[in-house]
$ cat data-v4.tsv   # TSV, C-alpha atoms and all ligand atoms
chain	number	residue	atom	x	y	z
A	1	MET	CA	30.49	-4.63	-65.07
A	2	LEU	CA	28.18	-2.65	-67.33
A	3	ASN	CA	26.25	-4.50	-69.97
A	4	GLN	CA	27.66	-7.90	-69.05
A	5	THR	CA	27.64	-10.43	-71.90
A	6	GLN	CA	27.36	-14.20	-71.55
A	7	ILE	CA	30.62	-14.77	-73.34
A	8	GLY	CA	32.35	-12.10	-71.24
A	9	ALA	CA	31.19	-13.88	-68.07
A	10	LEU	CA	32.40	-17.28	-69.33
A	11	LEU	CA	35.84	-15.95	-70.29
A	12	HIS	CA	36.10	-14.15	-66.96
A	13	GLN	CA	35.41	-17.38	-65.04
A	14	ASP	CA	38.09	-19.13	-67.06
A	15	HIS	CA	40.58	-16.32	-66.40
A	16	MET	CA	39.98	-16.58	-62.65
A	17	SER	CA	40.59	-20.32	-62.61
A	18	THR	CA	43.76	-19.90	-64.71
A	19	ILE	CA	45.03	-17.29	-62.25
A	20	GLU	CA	44.42	-19.78	-59.46
A	21	THR	CA	46.45	-22.41	-61.33
A	22	LEU	CA	49.27	-19.91	-61.91
A	23	GLN	CA	49.28	-18.88	-58.26
A	24	GLY	CA	49.53	-22.55	-57.32
A	25	LEU	CA	52.54	-22.86	-59.64
A	26	GLU	CA	54.15	-19.75	-58.18
A	27	GLU	CA	53.65	-21.08	-54.67
A	28	LEU	CA	55.17	-24.42	-55.63
A	29	LEU	CA	58.22	-22.70	-57.15
A	30	GLY	CA	58.66	-20.48	-54.10
A	31	LYS	CA	58.44	-23.37	-51.67
A	32	HIS	CA	61.50	-25.26	-52.91
A	33	ARG	CA	64.91	-23.64	-52.81
A	34	ASN	CA	66.64	-26.79	-54.04
A	35	THR	CA	65.54	-29.58	-56.34
A	36	PRO	CA	62.62	-31.29	-54.54
A	37	ALA	CA	62.06	-35.02	-54.29
A	38	VAL	CA	58.80	-35.97	-56.00
A	39	ASP	CA	56.62	-37.54	-53.31
A	40	ASP	CA	52.95	-38.51	-53.72
A	41	ASP	CA	51.79	-35.06	-52.81
A	42	LEU	CA	54.02	-33.30	-55.32
A	43	ARG	CA	53.24	-35.92	-57.97
A	44	PHE	CA	49.54	-35.15	-57.58
A	45	GLN	CA	50.16	-31.41	-57.84
A	46	LEU	CA	52.30	-31.83	-60.96
A	47	LYS	CA	49.68	-34.01	-62.59
A	48	ARG	CA	46.93	-31.50	-61.97
A	49	LEU	CA	49.13	-28.62	-63.06
A	50	ALA	CA	50.06	-30.25	-66.37
A	51	ARG	CA	46.45	-31.10	-67.14
A	52	THR	CA	44.97	-27.70	-66.32
A	53	LEU	CA	47.75	-25.67	-67.95
A	54	LYS	CA	47.41	-27.54	-71.22
A	55	ALA	CA	43.62	-27.44	-71.28
A	56	GLU	CA	43.48	-23.80	-70.34
A	57	VAL	CA	45.87	-22.52	-72.94
A	58	GLU	CA	44.88	-24.81	-75.79
A	59	LYS	CA	41.10	-24.58	-75.45
A	60	HIS	CA	40.77	-21.06	-74.15
A	61	PHE	CA	43.26	-19.51	-76.59
A	62	GLY	CA	41.78	-21.60	-79.41
A	63	PHE	CA	38.30	-20.30	-78.66
A	64	GLU	CA	39.46	-16.70	-78.54
A	65	GLU	CA	41.42	-16.96	-81.78
A	66	ASN	CA	38.99	-19.04	-83.80
A	67	HIS	CA	35.63	-17.72	-82.62
A	68	LEU	CA	35.91	-14.45	-80.73
A	69	PHE	CA	38.67	-12.55	-82.52
A	70	PRO	CA	37.04	-12.94	-85.98
A	71	VAL	CA	34.03	-10.99	-84.61
A	72	PHE	CA	36.41	-8.13	-83.77
A	73	VAL	CA	38.23	-8.32	-87.09
A	74	GLU	CA	34.88	-8.11	-88.94
A	75	GLN	CA	34.32	-4.80	-87.20
A	76	GLY	CA	37.77	-3.50	-88.08
A	77	GLU	CA	39.20	-3.99	-84.56
A	78	THR	CA	42.44	-5.56	-85.71
A	79	GLY	CA	44.83	-3.84	-83.28
A	80	ILE	CA	43.63	-5.57	-80.13
A	81	VAL	CA	43.39	-8.90	-81.99
A	82	MET	CA	46.97	-8.68	-83.24
A	83	MET	CA	48.30	-7.77	-79.82
A	84	LEU	CA	46.48	-10.55	-77.97
A	85	THR	CA	47.26	-13.18	-80.63
A	86	HIS	CA	50.91	-12.21	-80.46
A	87	GLU	CA	50.85	-12.73	-76.68
A	88	HIS	CA	49.21	-16.14	-77.13
A	89	ARG	CA	52.12	-17.11	-79.42
A	90	SER	CA	54.60	-16.27	-76.66
A	91	ILE	CA	52.64	-18.00	-73.86
A	92	LEU	CA	51.48	-21.25	-75.47
A	93	PRO	CA	54.90	-22.89	-76.09
A	94	LEU	CA	56.01	-21.91	-72.60
A	95	ALA	CA	52.88	-23.43	-71.01
A	96	LEU	CA	53.39	-26.65	-72.97
A	97	GLN	CA	57.05	-26.76	-71.96
A	98	VAL	CA	56.12	-26.40	-68.26
A	99	ALA	CA	53.42	-29.08	-68.66
A	100	ASP	CA	55.88	-31.46	-70.38
A	101	ILE	CA	58.49	-31.07	-67.65
A	102	ALA	CA	55.78	-31.65	-65.02
A	103	VAL	CA	54.66	-34.85	-66.77
A	104	ALA	CA	58.23	-36.18	-67.01
A	105	ALA	CA	58.88	-35.33	-63.34
A	106	GLN	CA	55.83	-37.34	-62.24
A	107	GLU	CA	57.54	-40.45	-63.54
A	108	GLN	CA	61.25	-39.78	-63.16
A	109	GLY	CA	61.45	-37.01	-60.58
A	110	PHE	CA	63.46	-33.84	-61.13
A	111	THR	CA	67.16	-33.62	-61.83
A	112	ASP	CA	68.89	-30.35	-60.89
A	113	GLU	CA	68.72	-29.41	-64.54
A	114	THR	CA	65.03	-30.22	-65.15
A	115	TRP	CA	64.09	-28.46	-61.91
A	116	ARG	CA	66.01	-25.36	-63.02
A	117	ASN	CA	64.23	-25.45	-66.39
A	118	PHE	CA	60.88	-25.93	-64.68
A	119	ARG	CA	61.53	-23.04	-62.32
A	120	ASP	CA	62.72	-20.67	-65.07
A	121	ALA	CA	59.98	-21.52	-67.57
A	122	GLY	CA	57.33	-21.62	-64.83
A	123	GLY	CA	58.29	-18.23	-63.42
A	124	GLU	CA	58.28	-16.68	-66.88
A	125	LEU	CA	54.92	-18.28	-67.66
A	126	VAL	CA	53.31	-16.94	-64.48
A	127	GLU	CA	54.48	-13.44	-65.33
A	128	ARG	CA	53.44	-13.43	-68.99
A	129	GLU	CA	50.10	-15.11	-68.55
A	130	ILE	CA	48.93	-13.04	-65.58
A	131	PHE	CA	49.84	-9.90	-67.50
A	132	HIS	CA	47.89	-11.18	-70.53
A	133	ILE	CA	44.83	-12.00	-68.44
A	134	GLN	CA	44.91	-8.60	-66.75
A	135	LYS	CA	44.98	-6.98	-70.17
A	136	GLU	CA	42.02	-9.04	-71.36
A	137	GLU	CA	40.10	-8.37	-68.17
A	138	MET	CA	40.58	-4.62	-68.63
A	139	GLY	CA	40.35	-4.21	-72.39
A	140	LEU	CA	38.84	-7.25	-74.03
A	141	LEU	CA	35.82	-7.71	-71.78
A	142	ALA	CA	34.86	-4.04	-72.15
A	143	ALA	CA	35.28	-4.29	-75.92
A	144	ILE	CA	33.02	-7.37	-75.96
A	145	SER	CA	30.33	-5.46	-74.06
A	146	ALA	CA	30.58	-2.59	-76.53
A	147	LEU	CA	30.86	-4.52	-79.79
A	148	VAL	CA	29.15	-7.89	-79.54
A	149	GLU	CA	25.43	-7.91	-80.37
A	150	PRO	CA	23.11	-10.07	-78.22
A	151	GLU	CA	22.55	-12.73	-80.90
A	152	VAL	CA	26.28	-13.00	-81.58
A	153	ASP	CA	26.83	-13.22	-77.82
A	154	ALA	CA	24.38	-16.13	-77.56
A	155	ARG	CA	26.07	-17.93	-80.46
A	156	LEU	CA	29.56	-17.41	-78.97
A	157	ALA	CA	28.40	-18.67	-75.55
A	158	GLU	CA	26.96	-21.78	-77.19
A	159	THR	CA	30.17	-22.42	-79.15
A	160	TYR	CA	32.23	-21.83	-76.01
A	161	ARG	CA	30.29	-24.50	-74.13
A	162	GLN	CA	30.90	-26.93	-76.97
A	163	VAL	CA	34.61	-26.34	-77.51
A	164	VAL	CA	35.84	-25.34	-74.04
A	165	GLY	CA	33.31	-27.09	-71.82
A	201	FE	FE	43.87	-14.61	-74.48
A	202	FE	FE	41.46	-15.04	-72.33

$ encode --input "data-v4.tsv" --output "structure tokens"
Amino acid sequence: MLNQTQIGALLHQDHMSTIETLQGLEELLGKHRNTPAVDDDLRFQLKRLARTLKAEVEKHFGFEENHLFPVFVEQGETGIVMMLTHEHRSILPLALQVADIAVAAQEQGFTDETWRNFRDAGGELVEREIFHIQKEEMGLLAAISALVEPEVDARLAETYRQVVG
């Protein structure tokens, strides 16, 4: 990418690992036609899924909304900020719902009903979040390269390391 920024590179890395998590979820959903028994293997997968989903949406979205988007708003770029924030609002509750069902299933297993909810919410989450990431990869990263000055970039990268890790 032209004129790569530090913060653009950090967000990109995060997007790639989220896509990996979502692909893992999609694979898990595709593998089981009927309600699966939760064995050690599946329990481990559910645990990891719940942890990464929560961290990724809460920290990553929080960073974008609290630290990155204000830089855009200051420069009058409100359209992209409104659109992406709106998408966050539709993804976050779904991600938390999937994570909550995964946590409950680690302890109690799935019932037909909780598996159906997990499958429906999980499938919807995969679709919405991959679409959102693709949009950010195409539009947001280019806008960062064009709009964010080097000293602001350095400050954002520093903040990112503190709040996201
Ligand atoms: Fe985002
Ligand atoms: Fe993002």

$ residues_near_ligand --input "data-v4.tsv" --ligand "ligand FE 201 (chain A)" --cutoff "8 Å" --atoms "all atoms listed in the file" --output "VMD selection string"
chain A and resid 60 to 61 64 84 to 85 87 to 88 132 to 133 136

$ axis_aligned_box --input "data-v4.tsv" --around "region 153-165 of chain A" --padding-each-side "3 Å" --output "lines of an AutoDock Vina configuration file"
center_x = 30.1
center_y = -20.2
center_z = -76.1
size_x = 17.5
size_y = 19.9
size_z = 14.6

$ atom_distance --input "data-v4.tsv" --atom1 "CA of Leu11 (chain A)" --atom2 "atom FE of ligand FE 202 (chain A)"
6.0 Å

$ residues_near_point --input "data-v4.tsv" --point "(54.6, -34.4, -68.1)" --cutoff "12 Å" --atoms "only C-alpha atoms" --output "PyMOL selection string"
chain A and resi 43-54+95-110+114+118

$ atom_distance --input "data-v4.tsv" --atom1 "CA of Pro93 (chain A)" --atom2 "CA of Lys59 (chain A)"
13.9 Å

$ closest_residue --input "data-v4.tsv" --among "A:Gln13, A:Thr5, A:Gln75, A:Thr21" --to "ligand FE 202 (chain A)" --atoms "only C-alpha atoms and all ligand atoms"
A:Gln13

$ decode --input "data-v4.tsv" --residues "region 15-157 of chain A" --atoms "C-alpha atoms" --output "mmCIF file, in the first residue's frame"
data_model
loop_
_atom_site.group_PDB
_atom_site.id
_atom_site.type_symbol
_atom_site.label_atom_id
_atom_site.label_comp_id
_atom_site.auth_asym_id
_atom_site.auth_seq_id
_atom_site.Cartn_x
_atom_site.Cartn_y
_atom_site.Cartn_z
ATOM 1 C CA HIS A 15 -8.372 -7.266 10.837
ATOM 2 C CA MET A 16 -6.495 -10.301 9.517
ATOM 3 C CA SER A 17 -6.583 -12.066 12.868
ATOM 4 C CA THR A 18 -10.300 -11.285 13.268
ATOM 5 C CA ILE A 19 -10.965 -12.761 9.826
ATOM 6 C CA GLU A 20 -9.124 -15.888 10.927
ATOM 7 C CA THR A 21 -11.327 -16.111 14.040
ATOM 8 C CA LEU A 22 -14.466 -15.646 11.923
ATOM 9 C CA GLN A 23 -13.352 -18.301 9.453
ATOM 10 C CA GLY A 24 -12.802 -20.666 12.376
ATOM 11 C CA LEU A 25 -16.353 -19.940 13.539
ATOM 12 C CA GLU A 26 -17.747 -20.499 10.055
ATOM 13 C CA GLU A 27 -15.908 -23.802 9.800
ATOM 14 C CA LEU A 28 -17.236 -24.891 13.182
ATOM 15 C CA LEU A 29 -20.811 -24.033 12.166
ATOM 16 C CA GLY A 30 -20.452 -25.865 8.857
ATOM 17 C CA LYS A 31 -19.050 -28.985 10.464
ATOM 18 C CA HIS A 32 -22.083 -29.823 12.589
ATOM 19 C CA ARG A 33 -25.426 -30.498 10.975
ATOM 20 C CA ASN A 34 -27.060 -31.365 14.290
ATOM 21 C CA THR A 35 -26.474 -30.154 17.823
ATOM 22 C CA PRO A 36 -22.929 -31.283 18.709
ATOM 23 C CA ALA A 37 -21.845 -32.795 22.008
ATOM 24 C CA VAL A 38 -19.286 -30.549 23.696
ATOM 25 C CA ASP A 39 -16.131 -32.650 24.057
ATOM 26 C CA ASP A 40 -12.734 -31.346 25.227
ATOM 27 C CA ASP A 41 -11.778 -30.302 21.758
ATOM 28 C CA LEU A 42 -14.941 -28.301 21.137
ATOM 29 C CA ARG A 43 -14.786 -26.848 24.651
ATOM 30 C CA PHE A 44 -11.313 -25.521 23.915
ATOM 31 C CA GLN A 45 -12.452 -24.021 20.611
ATOM 32 C CA LEU A 46 -15.458 -22.348 22.235
ATOM 33 C CA LYS A 47 -13.305 -20.902 24.979
ATOM 34 C CA ARG A 48 -10.851 -19.410 22.533
ATOM 35 C CA LEU A 49 -13.640 -18.139 20.304
ATOM 36 C CA ALA A 50 -15.435 -16.351 23.152
ATOM 37 C CA ARG A 51 -12.234 -14.728 24.359
ATOM 38 C CA THR A 52 -11.002 -13.511 20.982
ATOM 39 C CA LEU A 53 -14.399 -12.344 19.735
ATOM 40 C CA LYS A 54 -14.975 -10.223 22.810
ATOM 41 C CA ALA A 55 -11.480 -8.746 22.870
ATOM 42 C CA GLU A 56 -11.490 -8.026 19.177
ATOM 43 C CA VAL A 57 -14.768 -6.204 19.036
ATOM 44 C CA GLU A 58 -14.535 -4.367 22.344
ATOM 45 C CA LYS A 59 -10.932 -3.181 22.115
ATOM 46 C CA HIS A 60 -10.623 -2.734 18.379
ATOM 47 C CA PHE A 61 -13.974 -0.971 17.926
ATOM 48 C CA GLY A 62 -13.295 1.092 21.053
ATOM 49 C CA PHE A 63 -9.963 2.262 19.673
ATOM 50 C CA GLU A 64 -11.455 3.186 16.314
ATOM 51 C CA GLU A 65 -14.359 5.081 17.851
ATOM 52 C CA ASN A 66 -12.536 6.833 20.669
ATOM 53 C CA HIS A 67 -9.171 7.592 19.076
ATOM 54 C CA LEU A 68 -9.188 7.219 15.310
ATOM 55 C CA PHE A 69 -12.613 8.485 14.251
ATOM 56 C CA PRO A 70 -12.234 11.824 16.109
ATOM 57 C CA VAL A 71 -9.210 12.557 13.862
ATOM 58 C CA PHE A 72 -11.500 12.130 10.846
ATOM 59 C CA VAL A 73 -14.306 14.181 12.354
ATOM 60 C CA GLU A 74 -11.858 17.043 13.051
ATOM 61 C CA GLN A 75 -11.155 17.118 9.331
ATOM 62 C CA GLY A 76 -14.829 17.118 8.405
ATOM 63 C CA GLU A 77 -14.886 13.444 7.328
ATOM 64 C CA THR A 78 -18.102 12.594 9.135
ATOM 65 C CA GLY A 79 -19.703 10.377 6.471
ATOM 66 C CA ILE A 80 -17.284 7.474 6.759
ATOM 67 C CA VAL A 81 -17.279 7.780 10.568
ATOM 68 C CA MET A 82 -21.075 7.613 10.774
ATOM 69 C CA MET A 83 -21.252 4.627 8.473
ATOM 70 C CA LEU A 84 -18.564 2.615 10.273
ATOM 71 C CA THR A 85 -19.880 3.513 13.755
ATOM 72 C CA HIS A 86 -23.341 2.422 12.682
ATOM 73 C CA GLU A 87 -21.923 -0.934 11.568
ATOM 74 C CA HIS A 88 -20.114 -1.333 14.898
ATOM 75 C CA ARG A 89 -23.492 -0.863 16.646
ATOM 76 C CA SER A 90 -24.956 -3.740 14.648
ATOM 77 C CA ILE A 91 -21.951 -6.075 15.098
ATOM 78 C CA LEU A 92 -21.015 -5.602 18.763
ATOM 79 C CA PRO A 93 -24.202 -6.992 20.403
ATOM 80 C CA LEU A 94 -24.165 -9.938 18.005
ATOM 81 C CA ALA A 95 -20.514 -10.744 18.819
ATOM 82 C CA LEU A 96 -21.255 -10.576 22.551
ATOM 83 C CA GLN A 97 -24.298 -12.804 22.104
ATOM 84 C CA VAL A 98 -22.209 -15.426 20.251
ATOM 85 C CA ALA A 99 -19.493 -15.184 22.934
ATOM 86 C CA ASP A 100 -22.072 -15.589 25.743
ATOM 87 C CA ILE A 101 -23.618 -18.686 24.157
ATOM 88 C CA ALA A 102 -20.114 -20.130 23.667
ATOM 89 C CA VAL A 103 -19.271 -19.542 27.336
ATOM 90 C CA ALA A 104 -22.516 -21.175 28.528
ATOM 91 C CA ALA A 105 -21.962 -24.158 26.197
ATOM 92 C CA GLN A 106 -18.496 -24.773 27.651
ATOM 93 C CA GLU A 107 -20.141 -25.557 30.964
ATOM 94 C CA GLN A 108 -23.541 -26.959 30.074
ATOM 95 C CA GLY A 109 -23.187 -28.087 26.479
ATOM 96 C CA PHE A 110 -25.647 -27.079 23.767
ATOM 97 C CA THR A 111 -29.363 -27.750 23.740
ATOM 98 C CA ASP A 112 -31.060 -27.863 20.327
ATOM 99 C CA GLU A 113 -32.280 -24.355 21.016
ATOM 100 C CA THR A 114 -28.951 -22.824 22.118
ATOM 101 C CA TRP A 115 -27.182 -24.491 19.197
ATOM 102 C CA ARG A 116 -29.738 -23.014 16.785
ATOM 103 C CA ASN A 117 -29.231 -19.570 18.340
ATOM 104 C CA PHE A 118 -25.464 -19.979 18.168
ATOM 105 C CA ARG A 119 -25.628 -21.039 14.539
ATOM 106 C CA ASP A 120 -27.976 -18.206 13.505
ATOM 107 C CA ALA A 121 -26.172 -15.453 15.410
ATOM 108 C CA GLY A 122 -22.755 -16.826 14.439
ATOM 109 C CA GLY A 123 -23.596 -16.999 10.735
ATOM 110 C CA GLU A 124 -24.967 -13.466 10.788
ATOM 111 C CA LEU A 125 -21.906 -12.227 12.679
ATOM 112 C CA VAL A 126 -19.485 -13.774 10.177
ATOM 113 C CA GLU A 127 -21.301 -12.078 7.322
ATOM 114 C CA ARG A 128 -21.595 -8.619 8.889
ATOM 115 C CA GLU A 129 -18.123 -8.443 10.338
ATOM 116 C CA ILE A 130 -16.277 -9.688 7.246
ATOM 117 C CA PHE A 131 -18.179 -7.138 5.175
ATOM 118 C CA HIS A 132 -17.247 -4.397 7.674
ATOM 119 C CA ILE A 133 -13.574 -5.368 7.637
ATOM 120 C CA GLN A 134 -13.501 -5.448 3.842
ATOM 121 C CA LYS A 135 -14.941 -1.944 3.807
ATOM 122 C CA GLU A 136 -12.337 -0.694 6.271
ATOM 123 C CA GLU A 137 -9.536 -2.407 4.381
ATOM 124 C CA MET A 138 -10.616 -0.691 1.166
ATOM 125 C CA GLY A 139 -11.749 2.720 2.375
ATOM 126 C CA LEU A 140 -10.522 3.428 5.871
ATOM 127 C CA LEU A 141 -6.882 2.453 5.443
ATOM 128 C CA ALA A 142 -6.577 4.582 2.297
ATOM 129 C CA ALA A 143 -8.231 7.502 4.096
ATOM 130 C CA ILE A 144 -5.755 7.119 6.978
ATOM 131 C CA SER A 145 -2.834 7.271 4.540
ATOM 132 C CA ALA A 146 -4.276 10.409 2.969
ATOM 133 C CA LEU A 147 -5.419 12.267 6.081
ATOM 134 C CA VAL A 148 -3.321 11.323 9.084
ATOM 135 C CA GLU A 149 -0.134 13.373 9.576
ATOM 136 C CA PRO A 150 3.034 11.544 10.697
ATOM 137 C CA GLU A 151 2.968 12.926 14.255
ATOM 138 C CA VAL A 152 -0.702 12.030 14.665
ATOM 139 C CA ASP A 153 0.106 8.581 13.269
ATOM 140 C CA ALA A 154 2.843 8.089 15.875
ATOM 141 C CA ARG A 155 0.494 9.183 18.672
ATOM 142 C CA LEU A 156 -2.305 6.868 17.462
ATOM 143 C CA ALA A 157 0.105 3.912 17.209
#
